[in-house]
>>> print(open('entry_14.cif').read())   # mmCIF, C-alpha atoms
data_start
#
loop_
_atom_site.label_atom_id
_atom_site.label_comp_id
_atom_site.auth_asym_id
_atom_site.auth_seq_id
_atom_site.Cartn_x
_atom_site.Cartn_y
_atom_site.Cartn_z
CA MET A 62 -7.44 -9.87 15.98
CA LYS A 63 -9.30 -9.38 12.73
CA LEU A 64 -8.07 -7.41 9.72
CA TYR A 65 -10.73 -6.39 7.22
CA ILE A 66 -9.45 -5.89 3.68
CA THR A 67 -10.36 -5.93 0.04
CA ASP A 68 -8.08 -8.03 -2.11
CA GLY A 69 -7.13 -5.17 -4.40
CA SER A 70 -6.48 -2.50 -1.74
CA PRO A 71 -2.83 -1.37 -1.86
CA TYR A 72 -3.24 0.10 1.63
CA ALA A 73 -4.39 -3.25 3.01
CA ARG A 74 -1.53 -4.93 1.21
CA ILE A 75 1.01 -2.87 3.16
CA VAL A 76 -0.53 -4.11 6.42
CA ARG A 77 -0.65 -7.70 5.21
CA ALA A 78 3.04 -7.48 4.27
CA VAL A 79 3.89 -6.25 7.78
CA ILE A 80 1.91 -9.13 9.27
CA ILE A 81 4.05 -11.57 7.28
CA GLU A 82 7.31 -9.78 8.07
CA LYS A 83 6.45 -9.80 11.79
CA GLY A 84 5.26 -13.42 11.78
CA LEU A 85 1.77 -12.52 12.98
CA GLN A 86 -0.21 -14.74 10.61
CA ASP A 87 -1.53 -16.85 13.50
CA ARG A 88 -2.66 -13.81 15.48
CA VAL A 89 -4.46 -11.84 12.77
CA GLU A 90 -7.45 -13.24 10.87
CA ILE A 91 -7.79 -11.75 7.38
CA ILE A 92 -11.41 -11.07 6.41
CA SER A 93 -12.67 -9.82 3.05
CA ALA A 94 -14.98 -6.84 3.48
CA GLN A 95 -17.79 -5.79 1.17
CA THR A 96 -17.20 -2.11 0.45
CA ARG A 97 -19.00 0.37 -1.78
CA GLN A 98 -22.21 -1.61 -1.49
CA ALA A 99 -25.36 -0.11 -0.01
CA GLY A 100 -26.34 -1.91 3.16
CA SER A 101 -23.09 -3.88 3.45
CA PRO A 102 -22.84 -5.61 6.85
CA TYR A 103 -19.26 -4.34 7.01
CA TYR A 104 -20.57 -0.84 7.72
CA ALA A 105 -21.79 -2.03 11.11
CA ILE A 106 -18.17 -2.96 11.89
CA ASN A 107 -16.52 0.11 10.41
CA PRO A 108 -18.91 2.98 9.67
CA SER A 109 -16.44 4.69 7.32
CA GLY A 110 -16.51 1.59 5.11
CA ARG A 111 -12.81 1.90 4.37
CA VAL A 112 -10.10 -0.74 4.48
CA PRO A 113 -7.83 -1.80 6.02
CA TYR A 114 -9.49 -1.95 9.41
CA LEU A 115 -8.04 -3.85 12.36
CA VAL A 116 -10.25 -4.98 15.22
CA ARG A 117 -8.01 -5.57 18.20
CA ASP A 118 -8.51 -8.36 20.71
CA ASP A 119 -10.21 -5.86 23.03
CA GLY A 120 -12.76 -5.02 20.31
CA VAL A 121 -11.38 -1.56 19.52
CA GLY A 122 -11.02 -0.81 15.80
CA LEU A 123 -8.07 0.91 14.13
CA GLU A 124 -8.23 2.53 10.69
CA GLU A 125 -5.45 3.80 8.39
CA SER A 126 -2.63 1.54 7.29
CA ALA A 127 0.17 3.56 8.95
CA LEU A 128 -1.54 3.36 12.36
CA ILE A 129 -2.31 -0.34 11.98
CA CYS A 130 1.25 -1.12 10.90
CA ALA A 131 2.66 0.76 13.89
CA TYR A 132 0.35 -1.07 16.28
CA LEU A 133 1.22 -4.49 14.89
CA ASP A 134 4.91 -3.68 14.79
CA HIS A 135 4.92 -2.83 18.51
CA LEU A 136 2.99 -5.87 19.71
CA ASP A 137 6.13 -7.82 20.56
CA GLY A 138 7.99 -4.84 22.02
CA GLN A 139 10.60 -5.12 19.27
CA PRO A 140 9.51 -2.73 16.50
CA ARG A 141 11.25 -3.10 13.15
CA PHE A 142 9.45 -0.42 11.18
CA ASP A 143 9.86 2.67 13.35
CA PRO A 144 11.92 5.46 11.77
CA PRO A 145 15.22 6.28 13.48
CA ALA A 146 15.33 8.76 16.34
CA GLY A 147 16.31 12.39 15.94
CA ASP A 148 16.90 14.16 12.66
CA ALA A 149 17.56 10.87 10.89
CA ARG A 150 13.83 10.14 10.99
CA TRP A 151 12.90 12.75 8.41
CA GLU A 152 14.37 11.00 5.37
CA PRO A 153 12.46 7.70 5.78
CA LEU A 154 9.29 9.62 6.58
CA ARG A 155 9.80 11.80 3.50
CA LEU A 156 10.25 8.75 1.27
CA GLU A 157 7.23 6.97 2.76
CA ALA A 158 5.07 10.06 2.17
CA LEU A 159 6.30 10.29 -1.43
CA ALA A 160 5.39 6.65 -2.02
CA ARG A 161 2.01 7.14 -0.37
CA SER A 162 1.33 10.08 -2.67
CA MET A 163 1.75 7.72 -5.60
CA ILE A 164 -0.72 5.23 -4.13
CA ASP A 165 -3.24 7.97 -3.38
CA GLY A 166 -3.18 9.28 -6.94
CA LEU A 167 -3.40 5.81 -8.48
CA ALA A 168 -6.32 4.93 -6.23
CA VAL A 169 -8.18 7.94 -7.63
CA LEU A 170 -7.26 6.88 -11.17
CA ILE A 171 -8.45 3.30 -10.71
CA ARG A 172 -11.78 4.39 -9.21
CA GLU A 173 -12.31 6.83 -12.08
CA VAL A 174 -11.53 4.26 -14.77
CA ARG A 175 -13.94 1.80 -13.15
CA ARG A 176 -16.87 4.18 -13.45
CA PRO A 177 -19.31 3.73 -16.32
CA GLU A 178 -17.77 5.39 -19.36
CA SER A 179 -20.41 8.10 -19.39
CA GLU A 180 -19.47 9.10 -15.81
CA ARG A 181 -15.68 9.17 -16.20
CA SER A 182 -13.74 12.41 -16.10
CA PRO A 183 -11.02 12.52 -18.79
CA THR A 184 -9.51 15.47 -16.92
CA ILE A 185 -9.08 13.48 -13.70
CA ILE A 186 -7.73 10.46 -15.58
CA ARG A 187 -5.17 12.58 -17.46
CA HIS A 188 -4.17 14.43 -14.30
CA GLU A 189 -3.52 11.22 -12.36
CA LEU A 190 -1.66 9.54 -15.24
CA ASP A 191 0.57 12.60 -15.54
CA ARG A 192 1.18 12.60 -11.78
CA ALA A 193 2.10 8.90 -11.86
CA ALA A 194 4.50 9.49 -14.76
CA ARG A 195 6.24 12.33 -12.90
CA LEU A 196 6.52 10.27 -9.74
CA SER A 197 7.86 7.25 -11.63
CA GLN A 198 10.60 9.42 -13.11
CA HIS A 199 11.35 10.92 -9.71
CA TRP A 200 11.59 7.45 -8.13
CA GLU A 201 14.06 6.36 -10.80
CA GLN A 202 16.46 8.74 -9.03
CA GLU A 203 15.28 8.29 -5.45
CA ILE A 204 15.48 4.50 -5.63
CA ASP A 205 19.24 4.68 -4.99
CA HIS A 206 18.61 6.26 -1.59
CA PRO A 207 20.18 4.06 1.13
CA TRP A 208 16.81 3.77 2.88
CA MET A 209 15.33 2.17 -0.23
CA ARG A 210 18.25 -0.25 -0.54
CA GLY A 211 18.57 -1.29 3.09
CA PRO A 212 16.48 -3.53 5.37
CA ILE A 213 12.78 -3.75 4.56
CA ASN A 214 10.81 -0.73 5.74
CA LEU A 215 7.47 0.99 5.20
CA ALA A 216 8.74 3.27 2.44
CA GLN A 217 9.74 0.20 0.44
CA LEU A 218 6.48 -1.64 1.10
CA THR A 219 4.45 1.44 0.20
CA LEU A 220 6.30 2.06 -3.06
CA GLY A 221 6.12 -1.61 -4.00
CA SER A 222 2.37 -1.62 -3.42
CA ALA A 223 2.02 1.49 -5.57
CA LEU A 224 4.04 0.14 -8.47
CA SER A 225 2.13 -3.16 -8.44
CA LEU A 226 -1.03 -1.24 -9.34
CA GLU A 227 0.20 -1.37 -12.93
CA ALA A 228 -1.46 -4.79 -13.01
CA ARG A 229 -4.87 -3.15 -12.52
CA LYS A 230 -4.80 -2.08 -16.19
CA ALA A 231 -5.94 1.48 -15.60
CA GLY A 232 -3.54 2.90 -18.15
CA PHE A 233 -0.70 3.23 -15.65
CA SER A 234 2.64 1.90 -16.91
CA TRP A 235 5.98 2.79 -15.36
CA ARG A 236 8.71 0.30 -16.40
CA GLU A 237 9.79 1.83 -19.72
CA GLY A 238 12.69 4.21 -19.24
CA HIS A 239 13.11 3.27 -15.57
CA PRO A 240 15.60 0.40 -15.43
CA LYS A 241 16.77 1.00 -11.86
CA LEU A 242 13.22 1.19 -10.55
CA THR A 243 12.28 -1.95 -12.49
CA ALA A 244 15.18 -3.95 -11.09
CA TRP A 245 14.43 -2.74 -7.57
CA TYR A 246 10.76 -3.62 -7.85
CA ASP A 247 11.40 -7.08 -9.28
CA THR A 248 13.66 -7.88 -6.32
CA LEU A 249 11.09 -6.61 -3.80
CA ALA A 250 8.24 -8.41 -5.57
CA ALA A 251 9.96 -11.75 -5.05
CA ARG A 252 10.05 -11.24 -1.29
CA PRO A 253 7.47 -13.52 0.39
CA CYS A 254 5.57 -10.63 2.01
CA MET A 255 4.92 -9.18 -1.46
CA ALA A 256 4.57 -12.37 -3.48
CA LEU A 257 2.00 -13.78 -1.04
CA THR A 258 -0.11 -10.62 -0.99
CA HIS A 259 -0.28 -9.80 -4.70
CA PRO A 260 -3.98 -9.77 -5.69
CA SER A 261 -3.39 -11.59 -8.95
CA GLY A 262 -0.96 -14.11 -7.46
CA ARG A 263 1.68 -12.68 -9.82
CA HIS A 264 4.44 -10.13 -9.31
#
>>> encode(input="entry_14.cif", output="structure tokens")
Amino acid sequence: MKLYITDGSPYARIVRAVIIEKGLQDRVEIISAQTRQAGSPYYAINPSGRVPYLVRDDGVGLEESALICAYLDHLDGQPRFDPPAGDARWEPLRLEALARSMIDGLAVLIREVRRPESERSPTIIRHELDRAARLSQHWEQEIDHPWMRGPINLAQLTLGSALSLEARKAGFSWREGHPKLTAWYDTLAARPCMALTHPSGRH
């Protein structure tokens, strides 16, 4: 199988972390894709141009990190990342969605900051920084949830990938005033699946 990524994509990082956690490094080839470039050969592989994108052994492509993670998790018939059955499933799904909301907003922020200065929208930048600040404060409380303190799961990987975007220097900073979240993140960041997938090679 082939997984197309960009090094800085937090969505691709979640998939790469699952690959490591599941021990699939020998089965999935990681390929850097050229995105946001006119005429990129990657567009012939995935017409949406987005990453991550998994091409299965049968040639069928899968897009969206949640779908790819679920597919990879089930390859061995022993899924580790499925939510529990019944009503217990809603809490982990709620937390994963909350973490994904943080990634989505920060992705918008980073793209906006990378535009030429004359094309940037101060309104969008302020809106996304404010959203990130609110979510950081909210996670300072949510981080004590048993699902965030238990065995590794997609909510944890998603939140860790979101918080690591601080290193992209887009004005997003979350550690001050959030000691519990900081301690939680530093522990997660030392886990091999996160340490080995950090774009800068640092936590």
>>> residues_around(input="entry_14.cif", residues="Ile66 of chain A", least_positions_apart="5", cutoff="8 Å", atoms="only C-alpha atoms", output="NGL selection string")
:A and (73 or 91-94 or 112-114)
>>> atom_distance(input="entry_14.cif", atom1="atom CA of Gln86 of chain A", atom2="atom CA of Leu133 of chain A")
11.2 Å
>>> atom_distance(input="entry_14.cif", atom1="atom CA of Val116 of chain A", atom2="atom CA of Met62 of chain A")
5.7 Å
>>> atom_distance(input="entry_14.cif", atom1="atom CA of Gly147 of chain A", atom2="atom CA of Ala216 of chain A")
18.0 Å
>>> closest_residue(input="entry_14.cif", among="A:Ile171, A:Ala99, A:Val89, A:Leu226", to="Leu115 of chain A", atoms="only C-alpha atoms")
A:Val89
>>> closest_residue(input="entry_14.cif", among="A:Glu237, A:Glu82, A:Asp137, A:Glu125", to="Leu257 of chain A", atoms="all atoms listed in the file")
A:Glu82
>>> closest_residue(input="entry_14.cif", among="A:Ile204, A:Leu218, A:Trp151, A:Leu224", to="Gly166 of chain A", atoms="all atoms listed in the file")
A:Leu224
>>> closest_atom_pairs(input="entry_14.cif", of="segment 189-255 of chain A", to="segment 153-163 of chain A", cutoff="10 Å", atoms="only C-alpha atoms", output="tab-separated table")
residue	atom	partner	partner_atom	distance
A:Glu189	CA	A:Met163	CA	9.3
A:Arg192	CA	A:Met163	CA	7.9
A:Ala193	CA	A:Met163	CA	6.4
A:Ala194	CA	A:Met163	CA	9.7
A:Arg195	CA	A:Met163	CA	9.7
A:Leu196	CA	A:Met163	CA	6.8
A:Ser197	CA	A:Met163	CA	8.6
A:His199	CA	A:Leu159	CA	9.7
A:Trp200	CA	A:Ala160	CA	8.7
A:Glu203	CA	A:Leu156	CA	8.4
A:Ile204	CA	A:Leu156	CA	9.6
A:His206	CA	A:Leu156	CA	9.2
A:Pro207	CA	A:Pro153	CA	9.7
A:Trp208	CA	A:Pro153	CA	6.5
A:Met209	CA	A:Leu156	CA	8.4
A:Asn214	CA	A:Pro153	CA	8.6
A:Leu215	CA	A:Glu157	CA	6.5
A:Ala216	CA	A:Glu157	CA	4.0
A:Gln217	CA	A:Glu157	CA	7.6
A:Leu218	CA	A:Glu157	CA	8.8
A:Thr219	CA	A:Ala160	CA	5.7
A:Leu220	CA	A:Ala160	CA	4.8
A:Gly221	CA	A:Ala160	CA	8.5
A:Ser222	CA	A:Ala160	CA	8.9
A:Ala223	CA	A:Met163	CA	6.2
A:Leu224	CA	A:Met163	CA	8.4
>>> resolve_selection(input="entry_14.cif", expression="the PyMOL selection byres ((chain A and resi 126) around 7)", output="PyMOL selection string")
chain A and resi 72-73+76+113+124-125+127-130
>>> closest_residue(input="entry_14.cif", among="A:Leu64, A:Ile185, A:Ala250, A:Leu242", to="Arg111 of chain A", atoms="all atoms listed in the file")
A:Leu64
>>> resolve_selection(input="entry_14.cif", expression="the PyMOL selection byres ((chain A and resi 69) around 10)", output="CSV table (one decimal) with C-alpha atoms, in the frame of the given file")
chain,number,residue,atom,x,y,z
A,66,ILE,CA,-9.4,-5.9,3.7
A,67,THR,CA,-10.4,-5.9,0.0
A,68,ASP,CA,-8.1,-8.0,-2.1
A,70,SER,CA,-6.5,-2.5,-1.7
A,71,PRO,CA,-2.8,-1.4,-1.9
A,72,TYR,CA,-3.2,0.1,1.6
A,73,ALA,CA,-4.4,-3.2,3.0
A,74,ARG,CA,-1.5,-4.9,1.2
A,226,LEU,CA,-1.0,-1.2,-9.3
A,229,ARG,CA,-4.9,-3.2,-12.5
A,258,THR,CA,-0.1,-10.6,-1.0
A,259,HIS,CA,-0.3,-9.8,-4.7
A,260,PRO,CA,-4.0,-9.8,-5.7
A,261,SER,CA,-3.4,-11.6,-9.0
>>> resolve_selection(input="entry_14.cif", expression="the PyMOL selection byres ((chain A and resi 233) around 9)", output="number ranges by chain")
A: 167, 170, 190, 193-194, 226-232, 234-235
>>> residues_around(input="entry_14.cif", residues="Ser182 of chain A", least_positions_apart="4", cutoff="12 Å", atoms="only C-alpha atoms", output="list in words")
Val169, Leu170, Ile171, Arg172, Glu173, Val174, Arg175, Arg176, Pro177, Glu178, Ile186, Arg187, His188 and Glu189 of chain A
>>> decode(input="entry_14.cif", residues="segment 94-183 of chain A", atoms="C-alpha atoms", output="PDB file, in the first residue's frame")
ATOM      1  CA  ALA A  94       2.973  14.398  -2.478  1.00  0.00           C
ATOM      2  CA  GLN A  95       3.251  17.732  -4.248  1.00  0.00           C
ATOM      3  CA  THR A  96       0.085  19.620  -3.372  1.00  0.00           C
ATOM      4  CA  ARG A  97      -1.098  23.125  -4.202  1.00  0.00           C
ATOM      5  CA  GLN A  98       1.018  23.157  -7.339  1.00  0.00           C
ATOM      6  CA  ALA A  99      -0.511  23.560 -10.778  1.00  0.00           C
ATOM      7  CA  GLY A 100       0.052  20.468 -12.873  1.00  0.00           C
ATOM      8  CA  SER A 101       1.325  18.341  -9.980  1.00  0.00           C
ATOM      9  CA  PRO A 102       1.579  14.660 -10.994  1.00  0.00           C
ATOM     10  CA  TYR A 103      -0.108  13.835  -7.690  1.00  0.00           C
ATOM     11  CA  TYR A 104      -3.413  15.082  -9.110  1.00  0.00           C
ATOM     12  CA  ALA A 105      -3.459  12.127 -11.490  1.00  0.00           C
ATOM     13  CA  ILE A 106      -3.376   9.866  -8.416  1.00  0.00           C
ATOM     14  CA  ASN A 107      -5.838  11.804  -6.280  1.00  0.00           C
ATOM     15  CA  PRO A 108      -7.870  14.402  -8.196  1.00  0.00           C
ATOM     16  CA  SER A 109      -8.859  16.249  -5.011  1.00  0.00           C
ATOM     17  CA  GLY A 110      -5.170  16.913  -4.337  1.00  0.00           C
ATOM     18  CA  ARG A 111      -5.654  16.422  -0.612  1.00  0.00           C
ATOM     19  CA  VAL A 112      -3.630  14.356   1.824  1.00  0.00           C
ATOM     20  CA  PRO A 113      -3.536  11.854   3.366  1.00  0.00           C
ATOM     21  CA  TYR A 114      -4.484   9.462   0.600  1.00  0.00           C
ATOM     22  CA  LEU A 115      -4.052   5.703   0.855  1.00  0.00           C
ATOM     23  CA  VAL A 116      -3.824   3.557  -2.262  1.00  0.00           C
ATOM     24  CA  ARG A 117      -4.711   0.024  -1.252  1.00  0.00           C
ATOM     25  CA  ASP A 118      -3.049  -3.069  -2.672  1.00  0.00           C
ATOM     26  CA  ASP A 119      -5.996  -3.463  -5.053  1.00  0.00           C
ATOM     27  CA  GLY A 120      -5.403   0.052  -6.435  1.00  0.00           C
ATOM     28  CA  VAL A 121      -8.444   1.649  -4.796  1.00  0.00           C
ATOM     29  CA  GLY A 122      -7.764   4.994  -3.107  1.00  0.00           C
ATOM     30  CA  LEU A 123      -9.080   6.122   0.274  1.00  0.00           C
ATOM     31  CA  GLU A 124      -9.236   9.754   1.387  1.00  0.00           C
ATOM     32  CA  GLU A 125      -9.876  11.289   4.832  1.00  0.00           C
ATOM     33  CA  SER A 126      -7.760  10.363   7.823  1.00  0.00           C
ATOM     34  CA  ALA A 127     -10.600   8.819   9.871  1.00  0.00           C
ATOM     35  CA  LEU A 128     -11.497   6.409   7.045  1.00  0.00           C
ATOM     36  CA  ILE A 129      -7.862   5.506   6.393  1.00  0.00           C
ATOM     37  CA  CYS A 130      -7.196   4.912  10.092  1.00  0.00           C
ATOM     38  CA  ALA A 131     -10.244   2.655  10.368  1.00  0.00           C
ATOM     39  CA  TYR A 132      -9.182   0.660   7.313  1.00  0.00           C
ATOM     40  CA  LEU A 133      -5.629   0.174   8.563  1.00  0.00           C
ATOM     41  CA  ASP A 134      -6.818  -0.661  12.063  1.00  0.00           C
ATOM     42  CA  HIS A 135      -9.008  -3.487  10.748  1.00  0.00           C
ATOM     43  CA  LEU A 136      -6.431  -5.081   8.455  1.00  0.00           C
ATOM     44  CA  ASP A 137      -5.386  -7.648  11.046  1.00  0.00           C
ATOM     45  CA  GLY A 138      -8.910  -8.312  12.307  1.00  0.00           C
ATOM     46  CA  GLN A 139      -7.938  -6.964  15.733  1.00  0.00           C
ATOM     47  CA  PRO A 140      -8.929  -3.283  15.749  1.00  0.00           C
ATOM     48  CA  ARG A 141      -7.537  -1.162  18.578  1.00  0.00           C
ATOM     49  CA  PHE A 142      -9.009   2.201  17.651  1.00  0.00           C
ATOM     50  CA  ASP A 143     -12.723   1.457  17.310  1.00  0.00           C
ATOM     51  CA  PRO A 144     -14.936   3.234  19.849  1.00  0.00           C
ATOM     52  CA  PRO A 145     -16.764   0.996  22.323  1.00  0.00           C
ATOM     53  CA  ALA A 146     -20.143  -0.472  21.443  1.00  0.00           C
ATOM     54  CA  GLY A 147     -23.442   0.995  22.568  1.00  0.00           C
ATOM     55  CA  ASP A 148     -23.890   4.298  24.330  1.00  0.00           C
ATOM     56  CA  ALA A 149     -20.285   4.262  25.526  1.00  0.00           C
ATOM     57  CA  ARG A 150     -19.172   5.134  21.998  1.00  0.00           C
ATOM     58  CA  TRP A 151     -20.454   8.692  22.103  1.00  0.00           C
ATOM     59  CA  GLU A 152     -17.886  10.088  24.539  1.00  0.00           C
ATOM     60  CA  PRO A 153     -14.772   9.052  22.556  1.00  0.00           C
ATOM     61  CA  LEU A 154     -16.425  10.207  19.337  1.00  0.00           C
ATOM     62  CA  ARG A 155     -17.312  13.540  20.968  1.00  0.00           C
ATOM     63  CA  LEU A 156     -13.727  14.058  22.128  1.00  0.00           C
ATOM     64  CA  GLU A 157     -12.280  13.089  18.746  1.00  0.00           C
ATOM     65  CA  ALA A 158     -14.602  15.562  17.004  1.00  0.00           C
ATOM     66  CA  LEU A 159     -13.597  18.301  19.450  1.00  0.00           C
ATOM     67  CA  ALA A 160      -9.918  17.652  18.750  1.00  0.00           C
ATOM     68  CA  ARG A 161     -10.558  17.575  15.012  1.00  0.00           C
ATOM     69  CA  SER A 162     -12.287  20.947  15.249  1.00  0.00           C
ATOM     70  CA  MET A 163      -9.066  22.349  16.662  1.00  0.00           C
ATOM     71  CA  ILE A 164      -7.022  20.930  13.785  1.00  0.00           C
ATOM     72  CA  ASP A 165      -9.494  22.243  11.215  1.00  0.00           C
ATOM     73  CA  GLY A 166      -9.340  25.780  12.572  1.00  0.00           C
ATOM     74  CA  LEU A 167      -5.553  25.767  12.862  1.00  0.00           C
ATOM     75  CA  ALA A 168      -5.220  24.481   9.304  1.00  0.00           C
ATOM     76  CA  VAL A 169      -7.202  27.514   8.130  1.00  0.00           C
ATOM     77  CA  LEU A 170      -5.004  29.790  10.247  1.00  0.00           C
ATOM     78  CA  ILE A 171      -1.748  28.355   8.901  1.00  0.00           C
ATOM     79  CA  ARG A 172      -2.892  28.638   5.282  1.00  0.00           C
ATOM     80  CA  GLU A 173      -3.959  32.243   5.864  1.00  0.00           C
ATOM     81  CA  VAL A 174      -0.679  33.243   7.511  1.00  0.00           C
ATOM     82  CA  ARG A 175       1.271  31.679   4.644  1.00  0.00           C
ATOM     83  CA  ARG A 176      -0.418  33.871   2.058  1.00  0.00           C
ATOM     84  CA  PRO A 177       1.409  36.961   0.810  1.00  0.00           C
ATOM     85  CA  GLU A 178       0.848  39.694   3.364  1.00  0.00           C
ATOM     86  CA  SER A 179      -1.285  41.702   0.961  1.00  0.00           C
ATOM     87  CA  GLU A 180      -3.685  38.744   0.570  1.00  0.00           C
ATOM     88  CA  ARG A 181      -4.090  37.822   4.247  1.00  0.00           C
ATOM     89  CA  SER A 182      -7.343  38.390   6.081  1.00  0.00           C
ATOM     90  CA  PRO A 183      -6.774  39.809   9.579  1.00  0.00           C
TER      91      PRO A 183
END
